[in-house]
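Okay, model_7.csv is below, CSV, C-alpha atoms:
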```
chain,number,residue,atom,x,y,z
A,39,MET,CA,-54.0,16.6,48.9
A,40,VAL,CA,-50.3,17.4,48.3
A,41,ILE,CA,-48.4,18.0,51.4
A,42,ILE,CA,-45.4,20.2,51.1
A,43,LYS,CA,-42.9,19.8,53.9
A,44,SER,CA,-40.6,22.6,54.7
A,45,ILE,CA,-36.9,22.0,53.9
A,46,ASN,CA,-34.1,23.0,56.1
A,47,MET,CA,-31.9,24.9,53.6
A,48,LYS,CA,-29.0,24.6,56.0
A,49,HIS,CA,-28.7,20.9,55.1
A,50,PHE,CA,-29.9,21.2,51.4
A,51,ILE,CA,-27.2,23.6,50.1
A,52,PRO,CA,-24.2,21.4,51.0
A,53,ALA,CA,-25.9,18.5,49.3
A,54,ILE,CA,-26.3,20.4,46.0
A,55,VAL,CA,-22.6,21.3,46.1
A,56,VAL,CA,-21.6,17.7,46.4
A,57,ILE,CA,-23.9,16.6,43.6
A,58,LEU,CA,-22.5,19.3,41.3
A,59,PHE,CA,-18.9,18.3,42.1
A,60,LEU,CA,-19.6,14.6,41.4
A,61,THR,CA,-21.3,15.5,38.1
A,62,SER,CA,-18.4,17.6,37.1
A,63,CYS,CA,-15.9,14.8,37.8
A,64,LYS,CA,-18.0,12.4,35.8
A,65,GLN,CA,-18.1,14.7,32.8
A,66,LYS,CA,-14.4,15.3,33.0
A,67,GLN,CA,-13.8,11.6,32.9
A,68,GLU,CA,-16.1,11.1,30.0
A,69,THR,CA,-14.4,13.9,27.9
A,70,GLN,CA,-10.9,12.8,28.8
A,71,GLN,CA,-9.1,11.3,25.7
A,72,ILE,CA,-6.0,9.2,25.4
A,73,ILE,CA,-4.1,10.4,22.3
A,74,THR,CA,-1.2,8.4,20.9
A,75,THR,CA,1.0,10.0,18.4
A,76,PRO,CA,1.3,8.2,15.0
A,77,LYS,CA,3.6,5.2,15.1
A,78,THR,CA,7.1,5.8,14.0
A,79,PRO,CA,7.8,4.2,10.6
A,80,LYS,CA,9.6,0.8,10.8
A,81,ASN,CA,10.4,1.0,7.1
A,82,ILE,CA,11.1,3.8,4.6
A,83,ILE,CA,10.6,3.4,0.8
A,84,LEU,CA,12.1,6.3,-1.1
A,85,LEU,CA,11.2,6.4,-4.8
A,86,ILE,CA,13.2,8.8,-7.0
A,87,GLY,CA,11.9,9.6,-10.4
A,88,ASP,CA,15.0,11.0,-11.9
A,89,GLY,CA,14.2,14.2,-13.9
A,90,THR,CA,10.6,14.3,-12.7
A,91,GLY,CA,9.0,17.7,-12.2
A,92,LEU,CA,5.4,18.7,-11.9
A,93,SER,CA,4.7,18.5,-15.6
A,94,GLN,CA,6.0,15.0,-15.7
A,95,VAL,CA,3.8,14.1,-12.7
A,96,SER,CA,0.8,15.7,-14.6
A,97,ALA,CA,1.7,13.6,-17.6
A,98,SER,CA,1.1,10.5,-15.6
A,99,GLN,CA,-2.5,11.7,-15.1
A,100,TYR,CA,-3.2,12.7,-18.7
A,101,PHE,CA,-1.4,9.8,-20.5
A,102,ASN,CA,-1.7,6.9,-18.1
A,103,PRO,CA,-4.5,4.5,-19.0
A,104,ASN,CA,-4.9,3.7,-15.3
A,105,PRO,CA,-5.6,6.1,-12.4
A,106,SER,CA,-2.3,7.7,-11.3
A,107,ASN,CA,-0.8,6.5,-8.1
A,108,PHE,CA,0.4,10.0,-7.4
A,109,ASP,CA,-3.2,10.9,-6.5
A,110,ARG,CA,-3.1,8.5,-3.5
A,111,PHE,CA,-0.7,10.7,-1.5
A,112,PRO,CA,-2.2,12.9,1.3
A,113,VAL,CA,0.9,15.1,1.8
A,114,VAL,CA,2.8,17.1,-0.8
A,115,GLY,CA,5.8,19.4,-0.4
A,116,LEU,CA,8.4,21.1,-2.6
A,117,ILE,CA,12.2,21.0,-2.5
A,118,LYS,CA,14.8,23.4,-3.7
A,119,THR,CA,17.6,21.6,-5.5
A,120,SER,CA,20.6,23.8,-6.2
A,121,ALA,CA,24.1,22.3,-5.6
A,122,THR,CA,26.9,24.1,-3.8
A,123,ASP,CA,28.7,25.0,-7.0
A,124,LYS,CA,25.8,25.4,-9.5
A,125,LEU,CA,22.3,26.8,-9.3
A,126,ILE,CA,21.1,23.7,-11.3
A,127,THR,CA,22.0,20.4,-9.8
A,128,ASP,CA,23.0,17.1,-11.3
A,129,SER,CA,21.9,13.7,-10.1
A,130,ALA,CA,25.0,13.0,-8.1
A,131,ALA,CA,24.7,16.2,-5.9
A,132,GLY,CA,21.0,15.7,-5.7
A,133,ALA,CA,21.2,12.1,-4.5
A,134,THR,CA,24.0,12.9,-2.1
A,135,ALA,CA,21.8,15.5,-0.5
A,136,PHE,CA,19.1,12.8,-0.1
A,137,ALA,CA,21.4,10.1,1.1
A,138,SER,CA,23.7,12.0,3.4
A,139,GLY,CA,22.0,15.3,4.3
A,140,VAL,CA,24.7,17.6,2.9
A,141,LYS,CA,24.7,20.0,-0.1
A,142,SER,CA,27.6,19.2,-2.4
A,143,TYR,CA,29.1,19.9,-5.8
A,144,ASN,CA,27.8,18.4,-9.1
A,145,GLY,CA,29.4,15.1,-9.6
A,146,ALA,CA,29.9,14.3,-5.9
A,147,ILE,CA,29.1,10.7,-4.7
A,148,GLY,CA,28.8,10.6,-1.0
A,149,MET,CA,31.2,13.5,-0.6
A,150,ASP,CA,30.8,17.0,0.8
A,151,LYS,CA,31.8,20.2,-1.0
A,152,ASP,CA,35.4,19.7,0.2
A,153,THR,CA,35.6,16.1,-1.2
A,154,ILE,CA,35.4,14.6,2.3
A,155,SER,CA,33.4,11.4,2.6
A,156,VAL,CA,30.1,11.7,4.5
A,157,PRO,CA,28.1,8.8,5.9
A,158,THR,CA,25.0,7.7,4.1
A,159,ILE,CA,21.7,6.9,5.7
A,160,VAL,CA,22.3,3.3,4.6
A,161,GLU,CA,25.6,3.2,6.6
A,162,GLU,CA,24.1,4.8,9.6
A,163,ILE,CA,21.0,2.6,10.0
A,164,ALA,CA,22.9,-0.6,9.4
A,165,GLY,CA,24.2,-0.4,13.0
A,166,ARG,CA,20.6,-0.6,14.2
A,167,GLY,CA,20.0,-3.8,12.3
A,168,ILE,CA,18.0,-2.1,9.6
A,169,LYS,CA,18.4,-3.6,6.1
A,170,SER,CA,18.7,-1.7,2.9
A,171,GLY,CA,18.2,-2.0,-0.8
A,172,VAL,CA,18.7,0.0,-4.0
A,173,ILE,CA,17.0,-0.6,-7.4
A,174,ALA,CA,17.5,1.3,-10.7
A,175,THR,CA,16.8,1.1,-14.4
A,176,SER,CA,20.2,2.5,-15.0
A,177,SER,CA,23.4,0.7,-14.1
A,178,ILE,CA,23.4,0.1,-10.4
A,179,ASN,CA,26.7,2.2,-10.1
A,180,HIS,CA,25.1,5.2,-11.7
A,181,ALA,CA,24.9,8.5,-9.8
A,182,THR,CA,21.6,8.1,-7.9
A,183,PRO,CA,21.9,4.6,-6.5
A,184,ALA,CA,25.7,5.0,-6.0
A,185,SER,CA,25.2,7.9,-3.6
A,186,PHE,CA,23.5,5.6,-1.1
A,187,TYR,CA,26.4,3.2,-0.7
A,188,ALA,CA,29.6,4.7,-2.2
A,189,HIS,CA,32.0,7.6,-1.9
A,190,ALA,CA,33.8,9.0,-4.9
A,191,LYS,CA,35.0,12.4,-6.0
A,192,SER,CA,33.4,11.9,-9.4
A,193,ARG,CA,30.2,10.1,-10.6
A,194,GLY,CA,32.2,8.8,-13.6
A,195,MET,CA,34.4,6.6,-11.5
A,196,TYR,CA,32.2,3.6,-12.3
A,197,ASP,CA,34.7,0.8,-11.5
A,198,GLU,CA,35.6,2.3,-8.2
A,199,ILE,CA,31.9,2.8,-7.3
A,200,ALA,CA,30.9,-0.7,-8.2
A,201,ALA,CA,33.7,-2.1,-6.0
A,202,PHE,CA,32.0,-0.7,-2.9
A,203,LEU,CA,29.0,-3.1,-3.3
A,204,PRO,CA,30.4,-6.5,-2.1
A,205,THR,CA,31.3,-5.1,1.3
A,206,SER,CA,28.7,-2.4,1.5
A,207,ASN,CA,25.7,-2.3,3.8
A,208,ILE,CA,23.3,-3.0,0.9
A,209,ASP,CA,21.4,-6.2,1.3
A,210,PHE,CA,19.5,-6.2,-2.0
A,211,PHE,CA,20.2,-4.5,-5.3
A,212,ALA,CA,18.8,-4.8,-8.8
A,213,GLY,CA,19.5,-3.0,-12.1
A,214,GLY,CA,22.1,-3.0,-14.9
A,215,GLY,CA,25.8,-2.5,-14.9
A,216,LEU,CA,27.1,-6.1,-15.2
A,217,LYS,CA,30.2,-5.2,-17.1
A,218,PHE,CA,31.5,-3.1,-14.2
A,219,PHE,CA,31.5,-6.3,-12.1
A,220,ASN,CA,33.0,-9.0,-14.5
A,221,GLN,CA,34.7,-7.0,-17.3
A,222,ARG,CA,37.0,-4.8,-15.2
A,223,GLU,CA,40.3,-3.3,-16.2
A,224,ASP,CA,41.8,-4.2,-12.8
A,225,GLY,CA,40.9,-7.9,-13.4
A,226,ARG,CA,38.8,-8.2,-10.3
A,227,ASN,CA,35.6,-10.3,-10.5
A,228,LEU,CA,33.1,-8.6,-8.3
A,229,LEU,CA,30.5,-11.3,-8.9
A,230,THR,CA,32.8,-13.8,-7.1
A,231,GLU,CA,33.4,-11.2,-4.4
A,232,LEU,CA,29.7,-10.7,-3.9
A,233,GLU,CA,29.2,-14.5,-3.5
A,234,GLN,CA,32.1,-14.6,-1.0
A,235,ASN,CA,30.3,-11.9,1.0
A,236,GLY,CA,27.0,-13.8,1.2
A,237,PHE,CA,25.1,-12.6,-1.9
A,238,GLN,CA,23.0,-14.7,-4.2
A,239,VAL,CA,23.9,-13.4,-7.6
A,240,ASP,CA,21.5,-13.4,-10.6
A,241,THR,CA,22.6,-12.2,-14.0
A,242,THR,CA,20.0,-13.7,-16.4
A,243,ALA,CA,16.5,-13.0,-15.1
A,244,LEU,CA,14.7,-11.5,-12.2
A,245,PRO,CA,13.9,-14.3,-9.8
A,246,LYS,CA,10.3,-15.0,-8.9
A,247,ASN,CA,10.9,-15.5,-5.2
A,248,ALA,CA,12.9,-13.6,-2.6
A,249,SER,CA,16.2,-15.1,-1.5
A,250,THR,CA,17.0,-15.7,2.1
A,251,LEU,CA,20.5,-14.5,1.4
A,252,LYS,CA,21.6,-11.0,0.4
A,253,HIS,CA,20.7,-10.6,-3.2
A,254,ALA,CA,22.6,-9.0,-6.2
A,255,ILE,CA,20.6,-8.8,-9.5
A,256,LEU,CA,22.4,-7.5,-12.6
A,257,LEU,CA,20.4,-7.9,-15.8
A,258,ALA,CA,22.2,-5.7,-18.4
A,259,GLU,CA,25.7,-4.9,-19.4
A,260,THR,CA,25.1,-1.2,-18.8
A,261,ALA,CA,21.6,0.3,-18.4
A,262,MET,CA,18.4,-1.8,-18.5
A,263,PRO,CA,16.5,-1.6,-21.8
A,264,THR,CA,13.9,1.1,-22.1
A,265,ILE,CA,10.1,0.4,-21.7
A,266,LEU,CA,9.8,1.0,-25.5
A,267,GLU,CA,12.4,-1.6,-26.1
A,268,GLY,CA,10.5,-4.2,-24.1
A,269,ARG,CA,11.9,-4.0,-20.5
A,270,GLY,CA,8.5,-5.0,-19.2
A,271,ASP,CA,7.7,-4.9,-15.5
A,272,PHE,CA,11.2,-5.1,-14.2
A,273,LEU,CA,10.9,-2.1,-11.9
A,274,PRO,CA,7.6,-2.9,-10.2
A,275,ASN,CA,8.5,-6.6,-10.0
A,276,ALA,CA,12.0,-5.9,-8.6
A,277,THR,CA,10.4,-3.6,-6.1
A,278,GLN,CA,8.0,-6.3,-5.0
A,279,LEU,CA,10.9,-8.8,-4.7
A,280,ALA,CA,12.9,-6.4,-2.6
A,281,ILE,CA,10.0,-5.7,-0.3
A,282,ASP,CA,9.4,-9.5,0.1
A,283,ALA,CA,13.0,-10.0,1.0
A,284,LEU,CA,13.7,-7.0,3.2
A,285,SER,CA,10.3,-6.9,5.1
A,286,THR,CA,11.2,-10.2,6.8
A,287,ASN,CA,13.8,-8.2,8.9
A,288,GLU,CA,12.3,-7.5,12.3
A,289,ASN,CA,14.2,-4.2,12.6
A,290,GLY,CA,12.8,-2.8,9.4
A,291,PHE,CA,14.3,-1.7,6.1
A,292,PHE,CA,15.2,1.2,3.9
A,293,LEU,CA,14.7,0.8,0.1
A,294,MET,CA,15.6,3.4,-2.6
A,295,ILE,CA,14.0,2.8,-6.1
A,296,GLU,CA,15.0,5.0,-9.0
A,297,GLY,CA,13.0,5.5,-12.2
A,298,SER,CA,16.3,6.4,-13.9
A,299,GLN,CA,15.3,6.8,-17.5
A,300,ILE,CA,12.6,9.4,-17.1
A,301,ASP,CA,15.6,11.7,-17.0
A,302,TRP,CA,17.0,10.3,-20.2
A,303,GLY,CA,13.7,10.8,-22.0
A,304,GLY,CA,13.9,14.4,-21.0
A,305,HIS,CA,17.5,14.8,-22.2
A,306,ALA,CA,16.5,13.3,-25.5
A,307,ASN,CA,13.4,15.6,-25.7
A,308,ASN,CA,11.6,12.4,-26.5
A,309,ALA,CA,8.1,12.6,-25.0
A,310,ASP,CA,7.1,9.0,-25.8
A,311,TYR,CA,10.3,7.8,-24.1
A,312,LEU,CA,9.7,10.0,-21.1
A,313,ILE,CA,6.0,9.2,-20.6
A,314,SER,CA,6.5,5.5,-21.0
A,315,GLU,CA,9.2,5.5,-18.3
A,316,LEU,CA,7.0,7.7,-16.1
A,317,ILE,CA,4.0,5.4,-16.3
A,318,ASP,CA,6.3,2.5,-15.4
A,319,PHE,CA,7.5,4.5,-12.4
A,320,ASP,CA,3.9,5.3,-11.5
A,321,LYS,CA,3.1,1.5,-11.5
A,322,THR,CA,6.1,1.0,-9.2
A,323,ILE,CA,4.7,3.6,-6.8
A,324,GLY,CA,1.5,1.6,-6.6
A,325,VAL,CA,3.5,-1.5,-5.5
A,326,ALA,CA,5.1,0.5,-2.6
A,327,LEU,CA,1.8,2.1,-1.6
A,328,ASP,CA,-0.1,-1.2,-1.6
A,329,PHE,CA,2.5,-2.7,0.7
A,330,ALA,CA,2.5,0.4,3.0
A,331,LYS,CA,-1.3,0.4,3.2
A,332,THR,CA,-1.4,-3.2,4.4
A,333,ASN,CA,1.7,-3.0,6.5
A,334,GLY,CA,0.9,0.2,8.4
A,335,GLU,CA,4.5,0.9,9.5
A,336,THR,CA,6.0,2.1,6.2
A,337,LEU,CA,6.7,5.6,5.1
A,338,VAL,CA,6.6,6.0,1.3
A,339,LEU,CA,8.3,9.1,-0.2
A,340,VAL,CA,8.3,10.0,-3.9
A,341,THR,CA,10.5,12.8,-5.2
A,342,ALA,CA,13.1,13.6,-7.8
A,343,ASP,CA,16.7,15.0,-7.9
A,344,HIS,CA,15.8,17.6,-10.5
A,345,GLU,CA,13.6,18.3,-13.5
A,346,THR,CA,14.9,17.5,-17.0
A,347,GLY,CA,14.0,18.9,-20.3
A,348,GLY,CA,11.9,21.9,-19.3
A,349,PHE,CA,8.9,19.6,-20.0
A,350,THR,CA,5.7,21.4,-20.8
A,351,LEU,CA,2.1,20.2,-21.4
A,352,GLY,CA,0.8,22.8,-23.7
A,353,PRO,CA,-2.2,22.7,-26.1
A,354,ASP,CA,-1.9,21.3,-29.6
A,355,GLY,CA,-2.2,24.6,-31.4
A,356,ASP,CA,-5.6,26.2,-30.6
A,357,ASP,CA,-7.1,22.8,-29.5
A,358,TYR,CA,-7.4,23.1,-25.7
A,359,ASN,CA,-8.7,19.5,-25.6
A,360,LYS,CA,-5.5,18.1,-26.8
A,361,ILE,CA,-2.2,18.2,-25.0
A,362,LYS,CA,1.1,18.4,-27.0
A,363,PRO,CA,4.2,17.8,-24.8
A,364,SER,CA,7.1,20.0,-25.6
A,365,PHE,CA,10.6,20.8,-24.2
A,366,SER,CA,12.6,24.0,-23.6
A,367,THR,CA,16.0,22.4,-23.0
A,368,LYS,CA,18.0,19.2,-23.4
A,369,SER,CA,19.5,19.8,-19.9
A,370,HIS,CA,18.2,19.9,-16.3
A,371,SER,CA,16.2,22.9,-15.1
A,372,ALA,CA,16.1,24.8,-11.8
A,373,THR,CA,12.4,24.3,-11.0
A,374,MET,CA,11.3,23.2,-7.6
A,375,ILE,CA,10.5,19.5,-7.3
A,376,PRO,CA,7.5,17.9,-5.6
A,377,VAL,CA,7.7,15.5,-2.7
A,378,PHE,CA,4.9,13.1,-2.0
A,379,ALA,CA,4.5,11.4,1.3
A,380,TYR,CA,2.3,8.6,2.7
A,381,GLY,CA,2.4,6.7,6.0
A,382,PRO,CA,3.7,7.4,9.5
A,383,ASN,CA,5.2,10.9,9.9
A,384,ALA,CA,4.2,11.8,6.3
A,385,GLU,CA,3.1,15.2,7.6
A,386,ASP,CA,6.8,16.1,8.2
A,387,PHE,CA,7.3,16.3,4.4
A,388,GLY,CA,4.9,19.1,3.6
A,389,GLY,CA,6.1,22.7,3.0
A,390,ILE,CA,9.0,24.1,1.0
A,391,TYR,CA,12.6,23.2,2.0
A,392,GLU,CA,16.0,22.4,0.7
A,393,ASN,CA,16.6,18.9,-0.8
A,394,ASN,CA,19.0,17.8,1.9
A,395,GLU,CA,16.2,18.1,4.4
A,396,ILE,CA,14.8,14.9,2.9
A,397,TYR,CA,17.6,13.1,4.6
A,398,HIS,CA,17.1,14.9,8.0
A,399,LYS,CA,13.3,14.3,7.9
A,400,MET,CA,13.8,10.6,7.1
A,401,LYS,CA,16.4,10.3,9.8
A,402,SER,CA,14.1,12.1,12.3
A,403,ALA,CA,11.1,10.0,11.3
A,404,ILE,CA,12.8,6.6,11.7
A,405,SER,CA,14.3,7.8,15.0
A,406,LYS,CA,11.1,9.0,16.6
A,407,GLU,CA,9.6,7.1,19.5
A,408,GLU,CA,5.9,6.6,20.0
A,409,SER,CA,4.5,8.8,22.8
A,410,THR,CA,1.2,8.8,24.6
A,411,VAL,CA,-0.5,12.0,26.0
A,412,VAL,CA,-3.7,12.7,27.7
A,413,SER,CA,-5.9,15.4,26.2
A,414,GLN,CA,-8.9,16.8,27.9
A,415,ASN,CA,-11.8,18.4,26.0
```
Using structure tokens, write down the structure from this file.
Amino acid sequence: MVIIKSINMKHFIPAIVVILFLTSCKQKQETQQIITTPKTPKNIILLIGDGTGLSQVSASQYFNPNPSNFDRFPVVGLIKTSATDKLITDSAAGATAFASGVKSYNGAIGMDKDTISVPTIVEEIAGRGIKSGVIATSSINHATPASFYAHAKSRGMYDEIAAFLPTSNIDFFAGGGLKFFNQREDGRNLLTELEQNGFQVDTTALPKNASTLKHAILLAETAMPTILEGRGDFLPNATQLAIDALSTNENGFFLMIEGSQIDWGGHANNADYLISELIDFDKTIGVALDFAKTNGETLVLVTADHETGGFTLGPDGDDYNKIKPSFSTKSHSATMIPVFAYGPNAEDFGGIYENNEIYHKMKSAISKEESTVVSQN
């Protein structure tokens, strides 16, 4: 027989309230999450494919025997590239926008539109103990690399631009341009000045191992040879060497790498030249991404100063299974330029914006502090 005892509801109802309250608290604790914002990047690697627009990027997918490293980026944006004096920019104004965050006139190296020197990101972060490097397949005092360490009214002031390097905040540089250091009209020997300022100087071959000193590598009188002329893996290997050297710095590093001669292939309307340089640049992107994936504290950005050649990937006649590259100009074009981003704060680089925002977004990313918030579901 089941005996049912009467229950005094006066005592039972308060007990139910207590149980429900405790259950609610437990569920609240179980659904509470600690969310930490993505870690701020310790390092930034900026790769500039001079003259590279969307058709050039597409060529790296169609003509590259290997999978394109452009496909590895989770975030893509677009930049507008006009200079202050021209709708179509040149490399000097474009790189000055990246390096200093100001729009300027074509030909300007680290100068604003009123020819007043503006600080570069390399100069600004040096005070925080962050090391810097620049690499190019052009001469190292050409417009794009120069805009990160020099200040000149005209990009053609090659001797004056080279003279900035011995006392600049650059810790590693590699490229061509040797004659601007040891065959100067003013009689100065900048190679000696580099050594006096703590640089290891190499002028015959790319070393296999990173130096513990600051490092200057100048391997051609003017520009480096083209890929078609047998340059080989200079750009990816120099990039790896720079990463090996700069990544030992506990405060981090900034590295700019330029695939300079993609632009020159566009100016020449030479598709083989352009595509071979582009595939070399693509391989170099892979070196940066592989490091960033392992390191976890590196923001990798890939963009260009402008597009060159009005490059098009049209069909070969009526054959839609065969691509025939063509050009519409021997000059630059005004098309928007893609920005690819990977790593901490990569999401900041999506959308459409002016080219000088690259500087401000990099500066913001490297200045952000990690924060922790509590989110409740």
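You will find atom CA of Ser192 of chain A at 18.1 Å from atom CA of Gly139 of chain A.
Atom pair atom CA of Leu228 of chain A / atom CA of Thr322 of chain A has a distance of 28.7 Å (rounded to one decimal).
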- Message: So that I can see what lies close to Thr127 of chain A, please list as a ChimeraX atom specification the residues with an atom at most 12 Å from it, counting all atoms listed in the file and leaving out residues fewer than 4 positions away in the same chain.
- Response: /A:88-89,118-123,131-135,141-146,342-346,369-375,393
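Excluding Gln99 of chain A itself and same-chain residues fewer than 4 positions from it, the residues having an atom within 10 Å of it are Ser93, Gln94, Val95, Pro103, Asn104, Pro105, Ser106, Asn107, Phe108, Asp109, Ile317 and Asp320 of chain A, counting all atoms listed in the file.
Pairwise distance (atom CA of Leu337 of chain A, atom CA of Phe292 of chain A) equals 9.6 Å.
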- Query: Near Ala261 of chain A, counting only C-alpha atoms, which residues have an atom at most 8 Å away, once you skip same-chain residues fewer than 3 positions from it, shown as a list in words?
  - Reply: Thr175, Ser176, Ser177, Gly213, Gly214, Gly215 and Ala258 of chain A
Please, could you write that set of residues out with C-alpha atoms as an mmCIF file, in the frame of the given file?
```cif
data_model
loop_
_atom_site.group_PDB
_atom_site.id
_atom_site.type_symbol
_atom_site.label_atom_id
_atom_site.label_comp_id
_atom_site.auth_asym_id
_atom_site.auth_seq_id
_atom_site.Cartn_x
_atom_site.Cartn_y
_atom_site.Cartn_z
ATOM 1 C CA THR A 175 16.800 1.100 -14.400
ATOM 2 C CA SER A 176 20.200 2.500 -15.000
ATOM 3 C CA SER A 177 23.400 0.700 -14.100
ATOM 4 C CA GLY A 213 19.500 -3.000 -12.100
ATOM 5 C CA GLY A 214 22.100 -3.000 -14.900
ATOM 6 C CA GLY A 215 25.800 -2.500 -14.900
ATOM 7 C CA ALA A 258 22.200 -5.700 -18.400
#
```
Determine, counting all atoms listed in the file, which protein, DNA and RNA residues have an atom within 10 Å of an atom of Thr336 of chain A; residues of the same chain fewer than 6 positions away are not included. Present the result as an mmCIF file with C-alpha atoms, in the coordinates of the input.
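The result, stored in result-v1.cif:
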```
data_model
loop_
_atom_site.group_PDB
_atom_site.id
_atom_site.type_symbol
_atom_site.label_atom_id
_atom_site.label_comp_id
_atom_site.auth_asym_id
_atom_site.auth_seq_id
_atom_site.Cartn_x
_atom_site.Cartn_y
_atom_site.Cartn_z
ATOM 1 C CA LYS A 77 3.600 5.200 15.100
ATOM 2 C CA THR A 78 7.100 5.800 14.000
ATOM 3 C CA PRO A 79 7.800 4.200 10.600
ATOM 4 C CA LYS A 80 9.600 0.800 10.800
ATOM 5 C CA ASN A 81 10.400 1.000 7.100
ATOM 6 C CA ILE A 82 11.100 3.800 4.600
ATOM 7 C CA ILE A 83 10.600 3.400 0.800
ATOM 8 C CA GLY A 290 12.800 -2.800 9.400
ATOM 9 C CA PHE A 291 14.300 -1.700 6.100
ATOM 10 C CA PHE A 292 15.200 1.200 3.900
ATOM 11 C CA ALA A 326 5.100 0.500 -2.600
ATOM 12 C CA LEU A 327 1.800 2.100 -1.600
ATOM 13 C CA PHE A 329 2.500 -2.700 0.700
ATOM 14 C CA ALA A 330 2.500 0.400 3.000
ATOM 15 C CA TYR A 380 2.300 8.600 2.700
ATOM 16 C CA GLY A 381 2.400 6.700 6.000
ATOM 17 C CA PRO A 382 3.700 7.400 9.500
ATOM 18 C CA ASN A 383 5.200 10.900 9.900
ATOM 19 C CA ALA A 384 4.200 11.800 6.300
ATOM 20 C CA ILE A 404 12.800 6.600 11.700
#
```
- Task: Extract, using all atoms listed in the file, all DNA, RNA and protein residues at most 9 Å from segment 293-300 of chain A, discarding same-chain residues fewer than 3 positions from it, and format them as an NGL selection string.
- Result: :A and (81-90 or 94 or 169-176 or 182-183 or 186 or 210 or 264 or 273 or 277 or 280-281 or 284 or 303-305 or 311-316 or 318-319 or 322 or 342 or 346)
- Query: Pick from A:Asn308, A:Ser402, A:Ser98, A:Thr332: nearest to Thr367 of chain A, with only C-alpha atoms counted?
  - Reply: A:Asn308
- Nearest to Ser96 of chain A among A:Thr350, A:Asn179, A:Asn394, A:Thr341, with distances taken over all atoms listed in the file: which residue is it? A:Thr350
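With distances restricted to all atoms listed in the file, A:Leu279 is the closest residue to Ala248 of chain A from A:Leu279, A:Ser206, A:Gly115, A:Ala184.
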- Item | Residue list as a PyMOL selection string for point (34.9, -4.8, -13.4), cut-off 12 Å, all atoms listed in the file | chain A and resi 179+195-203+215-231+259-260
Emit the selected residues as a PDB file, keeping the file's coordinate frame, including C-alpha atoms.
```pdb
ATOM      1  CA  ASN A 179      26.700   2.200 -10.100  1.00  0.00           C
ATOM      2  CA  MET A 195      34.400   6.600 -11.500  1.00  0.00           C
ATOM      3  CA  TYR A 196      32.200   3.600 -12.300  1.00  0.00           C
ATOM      4  CA  ASP A 197      34.700   0.800 -11.500  1.00  0.00           C
ATOM      5  CA  GLU A 198      35.600   2.300  -8.200  1.00  0.00           C
ATOM      6  CA  ILE A 199      31.900   2.800  -7.300  1.00  0.00           C
ATOM      7  CA  ALA A 200      30.900  -0.700  -8.200  1.00  0.00           C
ATOM      8  CA  ALA A 201      33.700  -2.100  -6.000  1.00  0.00           C
ATOM      9  CA  PHE A 202      32.000  -0.700  -2.900  1.00  0.00           C
ATOM     10  CA  LEU A 203      29.000  -3.100  -3.300  1.00  0.00           C
ATOM     11  CA  GLY A 215      25.800  -2.500 -14.900  1.00  0.00           C
ATOM     12  CA  LEU A 216      27.100  -6.100 -15.200  1.00  0.00           C
ATOM     13  CA  LYS A 217      30.200  -5.200 -17.100  1.00  0.00           C
ATOM     14  CA  PHE A 218      31.500  -3.100 -14.200  1.00  0.00           C
ATOM     15  CA  PHE A 219      31.500  -6.300 -12.100  1.00  0.00           C
ATOM     16  CA  ASN A 220      33.000  -9.000 -14.500  1.00  0.00           C
ATOM     17  CA  GLN A 221      34.700  -7.000 -17.300  1.00  0.00           C
ATOM     18  CA  ARG A 222      37.000  -4.800 -15.200  1.00  0.00           C
ATOM     19  CA  GLU A 223      40.300  -3.300 -16.200  1.00  0.00           C
ATOM     20  CA  ASP A 224      41.800  -4.200 -12.800  1.00  0.00           C
ATOM     21  CA  GLY A 225      40.900  -7.900 -13.400  1.00  0.00           C
ATOM     22  CA  ARG A 226      38.800  -8.200 -10.300  1.00  0.00           C
ATOM     23  CA  ASN A 227      35.600 -10.300 -10.500  1.00  0.00           C
ATOM     24  CA  LEU A 228      33.100  -8.600  -8.300  1.00  0.00           C
ATOM     25  CA  LEU A 229      30.500 -11.300  -8.900  1.00  0.00           C
ATOM     26  CA  THR A 230      32.800 -13.800  -7.100  1.00  0.00           C
ATOM     27  CA  GLU A 231      33.400 -11.200  -4.400  1.00  0.00           C
ATOM     28  CA  GLU A 259      25.700  -4.900 -19.400  1.00  0.00           C
ATOM     29  CA  THR A 260      25.100  -1.200 -18.800  1.00  0.00           C
TER      30      THR A 260
END
```
- Message: For a quick check of understanding, using all atoms listed in the file, which of A:Val160, A:Ala243, A:Leu266, A:Leu256 has the smallest distance to Met400 of chain A?
- Response: A:Val160
- Of the candidates A:Val156, A:Ile396, A:Ile323, A:Ala254, which shows the shortest atom-to-atom distance to Ile178 of chain A, using all atoms listed in the file? A:Ala254
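Of the listed residues (A:Pro376, A:Pro112, A:Pro204, A:Pro363), A:Pro376 comes nearest to Val340 of chain A; the distances count all atoms listed in the file.
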